[in-house]
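Just work_25.tsv here, TSV, C-alpha atoms:
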```tsv
chain	number	residue	atom	x	y	z
A	169	MET	CA	70.15	156.15	-16.20
A	170	SER	CA	73.58	154.58	-16.40
A	171	ALA	CA	72.97	150.97	-17.39
A	172	TRP	CA	72.54	148.95	-20.57
A	173	PHE	CA	69.03	148.83	-21.99
A	174	GLU	CA	68.59	145.19	-20.93
A	175	ASP	CA	69.62	145.97	-17.35
A	176	MET	CA	66.98	148.65	-16.82
A	177	ALA	CA	63.59	147.77	-15.40
A	178	ILE	CA	60.36	149.66	-15.03
A	179	GLY	CA	60.42	151.22	-11.59
A	180	ASP	CA	64.21	151.69	-11.45
A	181	ARG	CA	64.84	155.03	-9.77
A	182	LEU	CA	67.92	157.22	-10.00
A	183	GLU	CA	68.26	159.76	-7.20
A	184	LEU	CA	70.01	162.87	-8.51
A	185	GLY	CA	70.45	164.83	-5.31
A	186	SER	CA	69.04	167.93	-3.69
A	187	TYR	CA	69.45	171.65	-4.14
A	188	LEU	CA	68.72	174.54	-1.78
A	189	PHE	CA	67.25	177.50	-3.65
A	190	THR	CA	68.59	180.59	-1.90
A	191	ALA	CA	67.27	184.09	-2.51
A	192	GLU	CA	70.67	185.08	-3.90
A	193	ASP	CA	70.72	182.21	-6.42
A	194	ILE	CA	67.12	182.86	-7.48
A	195	ILE	CA	67.81	186.55	-8.11
A	196	ARG	CA	71.11	185.89	-9.89
A	197	PHE	CA	69.49	183.38	-12.26
A	198	ALA	CA	66.48	185.63	-12.86
A	199	ARG	CA	68.61	188.65	-13.72
A	200	GLN	CA	70.31	186.64	-16.46
A	201	PHE	CA	67.50	184.51	-17.82
A	202	ASP	CA	64.00	185.33	-16.52
A	203	PRO	CA	63.66	188.87	-15.13
A	204	GLN	CA	60.11	188.67	-13.78
A	205	PRO	CA	59.23	190.71	-10.66
A	206	PHE	CA	58.45	187.57	-8.61
A	207	HIS	CA	61.97	186.24	-9.34
A	208	LEU	CA	63.88	189.47	-8.71
A	209	SER	CA	62.86	190.64	-5.23
A	210	GLU	CA	60.65	189.91	-2.23
A	211	GLU	CA	58.95	193.27	-2.80
A	212	GLY	CA	58.21	192.51	-6.45
A	213	ALA	CA	56.94	189.04	-5.56
A	214	ALA	CA	54.69	190.40	-2.77
A	215	ALA	CA	52.68	192.31	-5.39
A	216	THR	CA	51.93	189.11	-7.38
A	217	HIS	CA	49.86	186.00	-6.81
A	218	PHE	CA	53.06	184.20	-5.67
A	219	GLY	CA	53.38	186.48	-2.64
A	220	ARG	CA	57.02	185.58	-2.03
A	221	LEU	CA	60.26	185.37	-3.97
A	222	CYS	CA	60.23	182.21	-6.08
A	223	ALA	CA	62.58	180.56	-8.55
A	224	SER	CA	62.08	180.68	-12.28
A	225	GLY	CA	60.77	177.42	-13.66
A	226	TRP	CA	63.78	177.47	-15.97
A	227	HIS	CA	66.02	177.66	-12.90
A	228	THR	CA	64.25	174.61	-11.46
A	229	GLY	CA	64.82	172.77	-14.75
A	230	ALA	CA	68.45	173.90	-15.06
A	231	VAL	CA	69.21	172.51	-11.60
A	232	PHE	CA	67.64	169.19	-12.64
A	233	MET	CA	69.92	169.04	-15.71
A	234	ARG	CA	73.02	169.96	-13.70
A	235	LEU	CA	72.31	167.26	-11.12
A	236	LEU	CA	71.59	164.73	-13.88
A	237	VAL	CA	74.92	165.46	-15.58
A	238	LEU	CA	76.84	165.33	-12.28
A	239	THR	CA	75.16	162.03	-11.36
A	240	HIS	CA	76.09	160.48	-14.71
A	241	GLN	CA	79.68	161.73	-14.38
A	242	ARG	CA	79.88	160.14	-10.91
A	243	LEU	CA	78.40	156.84	-12.13
A	244	ASP	CA	80.77	156.80	-15.12
A	245	GLU	CA	83.76	157.35	-12.82
A	246	GLU	CA	82.57	154.55	-10.50
A	247	ALA	CA	82.35	152.23	-13.52
A	248	ARG	CA	85.89	153.14	-14.60
A	249	GLN	CA	87.19	152.53	-11.06
A	250	ARG	CA	85.63	149.04	-11.18
A	251	GLY	CA	87.36	148.44	-14.49
A	252	ASP	CA	84.10	148.63	-16.46
A	253	MET	CA	83.35	150.74	-19.49
A	254	PRO	CA	80.76	153.44	-18.73
A	255	VAL	CA	77.55	152.90	-20.66
A	256	PRO	CA	77.24	155.55	-23.35
A	257	ARG	CA	74.00	157.48	-23.44
A	258	GLY	CA	72.31	158.38	-26.66
A	259	PRO	CA	70.30	161.40	-27.65
A	260	SER	CA	66.87	162.23	-26.38
A	261	PRO	CA	64.09	162.32	-28.97
A	262	GLY	CA	62.34	164.84	-26.73
A	263	PHE	CA	60.25	165.24	-23.64
A	264	GLU	CA	56.57	165.81	-22.88
A	265	ASN	CA	54.28	167.02	-20.14
A	266	LEU	CA	56.67	169.55	-18.60
A	267	LYS	CA	54.93	170.99	-15.54
A	268	TRP	CA	55.91	173.40	-12.84
A	269	VAL	CA	53.35	172.09	-10.36
A	270	LYS	CA	54.10	174.43	-7.45
A	271	PRO	CA	56.33	177.45	-6.93
A	272	VAL	CA	59.82	176.92	-5.59
A	273	TYR	CA	60.33	179.57	-2.94
A	274	ALA	CA	63.57	180.94	-1.54
A	275	GLY	CA	64.65	178.53	1.18
A	276	ASP	CA	63.08	175.45	-0.45
A	277	THR	CA	65.22	172.35	-0.91
A	278	ILE	CA	64.24	170.32	-3.95
A	279	ARG	CA	65.16	166.64	-4.28
A	280	TYR	CA	65.38	165.43	-7.89
A	281	ALA	CA	64.99	161.91	-9.29
A	282	SER	CA	64.31	160.01	-12.52
A	283	GLU	CA	62.29	156.80	-12.73
A	284	VAL	CA	61.95	154.33	-15.60
A	285	THR	CA	58.32	154.08	-16.70
A	286	GLY	CA	58.68	152.11	-19.92
A	287	LYS	CA	60.99	150.51	-22.48
A	288	ILE	CA	60.64	150.48	-26.25
A	289	GLU	CA	62.49	148.10	-28.55
A	290	THR	CA	63.58	149.89	-31.71
A	291	THR	CA	63.43	148.35	-35.15
A	292	GLY	CA	65.44	150.92	-37.07
A	293	ARG	CA	68.33	150.82	-34.59
A	294	PRO	CA	68.47	147.25	-33.24
A	295	ASP	CA	71.51	147.99	-31.04
A	296	TRP	CA	69.55	150.63	-29.13
A	297	GLY	CA	66.32	150.89	-27.18
A	298	VAL	CA	64.34	153.81	-25.84
A	299	ILE	CA	63.85	154.31	-22.13
A	300	LEU	CA	60.80	156.26	-21.01
A	301	GLY	CA	60.98	158.06	-17.70
A	302	VAL	CA	59.31	160.43	-15.32
A	303	ASN	CA	61.52	163.09	-13.80
A	304	GLU	CA	60.54	164.99	-10.68
A	305	GLY	CA	61.57	167.62	-8.22
A	306	ILE	CA	60.04	167.24	-4.75
A	307	ASN	CA	60.27	169.89	-2.04
A	308	GLN	CA	61.05	169.42	1.63
A	309	HIS	CA	57.31	169.02	2.36
A	310	GLY	CA	56.98	166.08	-0.03
A	311	ASP	CA	55.19	168.10	-2.71
A	312	VAL	CA	56.00	167.58	-6.38
A	313	VAL	CA	57.05	170.98	-7.73
A	314	PHE	CA	58.52	170.02	-11.13
A	315	ARG	CA	57.81	167.10	-13.44
A	316	PHE	CA	58.27	165.94	-17.02
A	317	ASP	CA	58.27	162.75	-19.06
A	318	SER	CA	61.44	161.89	-20.96
A	319	LYS	CA	62.69	159.57	-23.67
A	320	VAL	CA	66.32	158.65	-24.21
A	321	TYR	CA	68.14	156.21	-26.46
A	322	ILE	CA	70.16	153.69	-24.45
A	323	PRO	CA	72.47	151.15	-26.10
A	324	LYS	CA	71.96	147.43	-25.77
A	325	ARG	CA	74.77	145.40	-24.25
A	326	PRO	CA	77.32	144.55	-26.98
A	327	VAL	CA	77.32	140.92	-28.01
A	328	ALA	CA	80.67	139.29	-27.24
A	329	GLY	CA	82.23	137.92	-30.32
```

Output the file's structure as structure tokens, nothing else.
Amino acid sequence: MSAWFEDMAIGDRLELGSYLFTAEDIIRFARQFDPQPFHLSEEGAAATHFGRLCASGWHTGAVFMRLLVLTHQRLDEEARQRGDMPVPRGPSPGFENLKWVKPVYAGDTIRYASEVTGKIETTGRPDWGVILGVNEGINQHGDVVFRFDSKVYIPKRPVAG
């Protein structure tokens, strides 16, 4: 998210964009990072329970991260063009419940988004809060294929003084 802690509300949703998983991209990624038969060729995939060429779960996650970074870069640039300072983002204390719910097949287009599910006031760092979120990838049929819960430190709006 690209707002101050106080400006975020449960239910706020940030659309990150979509990505078409082509056979060529799936195979290229798999050769480098996850060389399983069902990621490397249609023939190899046909002999598995997947039945067809499908993307590595790590590929699905890497695309999420790329779209998240690009979205934040775009939002930061929009803030600068308005004459505002982009809101800095803090570190993430981790994520939970990472799930690859369904295979992502060659030809699938996955739409990614993040949604605020909670807010935590911090006592040790009073200038920061923690935003809880659910992050998803949804295919062209409306099926969730990728999902995880995140936490990220977000600064509170500076007090004018």

Output as a tab-separated table one row per residue of region 225-257 of chain A within 12 Å of region 190-193 of chain A: the closest atom pair and its distance in Å to one decimal place, counting all atoms listed in the file, sorted by chain and residue number ascending.
```
residue	atom	partner	partner_atom	distance
A:His227	CA	A:Asp193	CA	9.2
A:Thr228	CA	A:Asp193	CA	11.2
A:Val231	CA	A:Asp193	CA	11.1
```

Self-check item: For region 280-293 of chain A: contacts at 6 Å, all atoms listed in the file, fewer than 5 positions along chain excluded, given as JSON, numbers by chain
Solution: {"A": [178, 179, 180, 181, 182, 183, 184, 185, 298, 299, 300, 301, 302, 303, 304, 305]}

Using all atoms listed in the file, determine which residues lie at most 10 Å from Pro205 (chain A), disregarding the query and same-chain residues fewer than 6 positions distant; provide the list as an mmCIF file with C-alpha atoms, in the coordinates of the input.
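result_27.cif written:
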```cif
data_model
loop_
_atom_site.group_PDB
_atom_site.id
_atom_site.type_symbol
_atom_site.label_atom_id
_atom_site.label_comp_id
_atom_site.auth_asym_id
_atom_site.auth_seq_id
_atom_site.Cartn_x
_atom_site.Cartn_y
_atom_site.Cartn_z
ATOM 1 C CA ILE A 195 67.810 186.550 -8.110
ATOM 2 C CA ALA A 198 66.480 185.630 -12.860
ATOM 3 C CA GLU A 211 58.950 193.270 -2.800
ATOM 4 C CA GLY A 212 58.210 192.510 -6.450
ATOM 5 C CA ALA A 213 56.940 189.040 -5.560
ATOM 6 C CA ALA A 214 54.690 190.400 -2.770
ATOM 7 C CA ALA A 215 52.680 192.310 -5.390
ATOM 8 C CA THR A 216 51.930 189.110 -7.380
ATOM 9 C CA LEU A 221 60.260 185.370 -3.970
ATOM 10 C CA CYS A 222 60.230 182.210 -6.080
#
```

Quiz item: Hey, can you pull every residue with an atom no more than 6 Å from (62.4, 168.5, -14.6), using all atoms listed in the file, and send it as a PyMOL selection string?
Solution: chain A and resi 229+232+303-304+314-316

Keeping only C-alpha atoms, write those residues as an mmCIF file, in the frame of the given file.
```
data_model
loop_
_atom_site.group_PDB
_atom_site.id
_atom_site.type_symbol
_atom_site.label_atom_id
_atom_site.label_comp_id
_atom_site.auth_asym_id
_atom_site.auth_seq_id
_atom_site.Cartn_x
_atom_site.Cartn_y
_atom_site.Cartn_z
ATOM 1 C CA GLY A 229 64.820 172.770 -14.750
ATOM 2 C CA PHE A 232 67.640 169.190 -12.640
ATOM 3 C CA ASN A 303 61.520 163.090 -13.800
ATOM 4 C CA GLU A 304 60.540 164.990 -10.680
ATOM 5 C CA PHE A 314 58.520 170.020 -11.130
ATOM 6 C CA ARG A 315 57.810 167.100 -13.440
ATOM 7 C CA PHE A 316 58.270 165.940 -17.020
#
```

Exercise. Can you work out which one of A:Asp295, A:Asp276, A:Asp202, A:Asp244 has the shortest atom-to-atom distance to Val313 (chain A), counting all atoms listed in the file?
Key: A:Asp276

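For the pair CA of Val312 (chain A) and CA of Trp226 (chain A), the separation is 15.8 Å.
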
Exercise. Pick out the closest residue to Trp296 (chain A) from this set: A:Leu266, A:Val255, A:Ala328, A:Ala230. Count all atoms listed in the file.
Key: A:Val255

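With all atoms listed in the file as the atoms that count, the minimum distance from Pro256 (chain A) to the choices A:Gln241, A:Pro323, A:Leu188, A:Glu174 is reached by A:Pro323.
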
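With CA of Lys270 (chain A) on one side and CA of Val320 (chain A) on the other, the separation reads 26.1 Å.
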
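In this structure, CA of Arg196 (chain A) sits 14.3 Å away from CA of Tyr273 (chain A).
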
Quiz item: When distances are computed from all atoms listed in the file, which of A:Ser209, A:Gln308, A:Ser224, A:Thr239 shows the smallest separation from Trp268 (chain A)?
Solution: A:Ser224

Add whatever atoms are absent from region 234-245 of chain A to reach N, CA and C atoms, and provide the output as a PDB file, in the coordinates of the input.
```pdb
ATOM      1  N   ARG A 234      71.685 169.963 -14.312  1.00  0.00           N
ATOM      2  CA  ARG A 234      73.020 169.960 -13.700  1.00  0.00           C
ATOM      3  C   ARG A 234      73.210 168.726 -12.819  1.00  0.00           C
ATOM      4  N   LEU A 235      72.206 168.425 -11.996  1.00  0.00           N
ATOM      5  CA  LEU A 235      72.310 167.260 -11.120  1.00  0.00           C
ATOM      6  C   LEU A 235      72.322 165.957 -11.917  1.00  0.00           C
ATOM      7  N   LEU A 236      71.574 165.909 -13.017  1.00  0.00           N
ATOM      8  CA  LEU A 236      71.590 164.730 -13.880  1.00  0.00           C
ATOM      9  C   LEU A 236      72.977 164.510 -14.464  1.00  0.00           C
ATOM     10  N   VAL A 237      73.580 165.572 -14.992  1.00  0.00           N
ATOM     11  CA  VAL A 237      74.920 165.460 -15.580  1.00  0.00           C
ATOM     12  C   VAL A 237      75.931 165.047 -14.513  1.00  0.00           C
ATOM     13  N   LEU A 238      75.892 165.679 -13.352  1.00  0.00           N
ATOM     14  CA  LEU A 238      76.840 165.330 -12.280  1.00  0.00           C
ATOM     15  C   LEU A 238      76.659 163.881 -11.824  1.00  0.00           C
ATOM     16  N   THR A 239      75.418 163.414 -11.758  1.00  0.00           N
ATOM     17  CA  THR A 239      75.160 162.030 -11.360  1.00  0.00           C
ATOM     18  C   THR A 239      75.737 161.070 -12.392  1.00  0.00           C
ATOM     19  N   HIS A 240      75.536 161.346 -13.674  1.00  0.00           N
ATOM     20  CA  HIS A 240      76.090 160.480 -14.710  1.00  0.00           C
ATOM     21  C   HIS A 240      77.617 160.510 -14.711  1.00  0.00           C
ATOM     22  N   GLN A 241      78.213 161.656 -14.471  1.00  0.00           N
ATOM     23  CA  GLN A 241      79.680 161.730 -14.380  1.00  0.00           C
ATOM     24  C   GLN A 241      80.179 160.872 -13.214  1.00  0.00           C
ATOM     25  N   ARG A 242      79.489 160.940 -12.078  1.00  0.00           N
ATOM     26  CA  ARG A 242      79.880 160.140 -10.910  1.00  0.00           C
ATOM     27  C   ARG A 242      79.737 158.645 -11.212  1.00  0.00           C
ATOM     28  N   LEU A 243      78.622 158.249 -11.817  1.00  0.00           N
ATOM     29  CA  LEU A 243      78.400 156.840 -12.130  1.00  0.00           C
ATOM     30  C   LEU A 243      79.418 156.337 -13.165  1.00  0.00           C
ATOM     31  N   ASP A 244      79.761 157.182 -14.133  1.00  0.00           N
ATOM     32  CA  ASP A 244      80.770 156.800 -15.120  1.00  0.00           C
ATOM     33  C   ASP A 244      82.129 156.595 -14.450  1.00  0.00           C
ATOM     34  N   GLU A 245      82.479 157.481 -13.537  1.00  0.00           N
ATOM     35  CA  GLU A 245      83.760 157.350 -12.820  1.00  0.00           C
ATOM     36  C   GLU A 245      83.758 156.089 -11.965  1.00  0.00           C
TER      37      GLU A 245
END
```
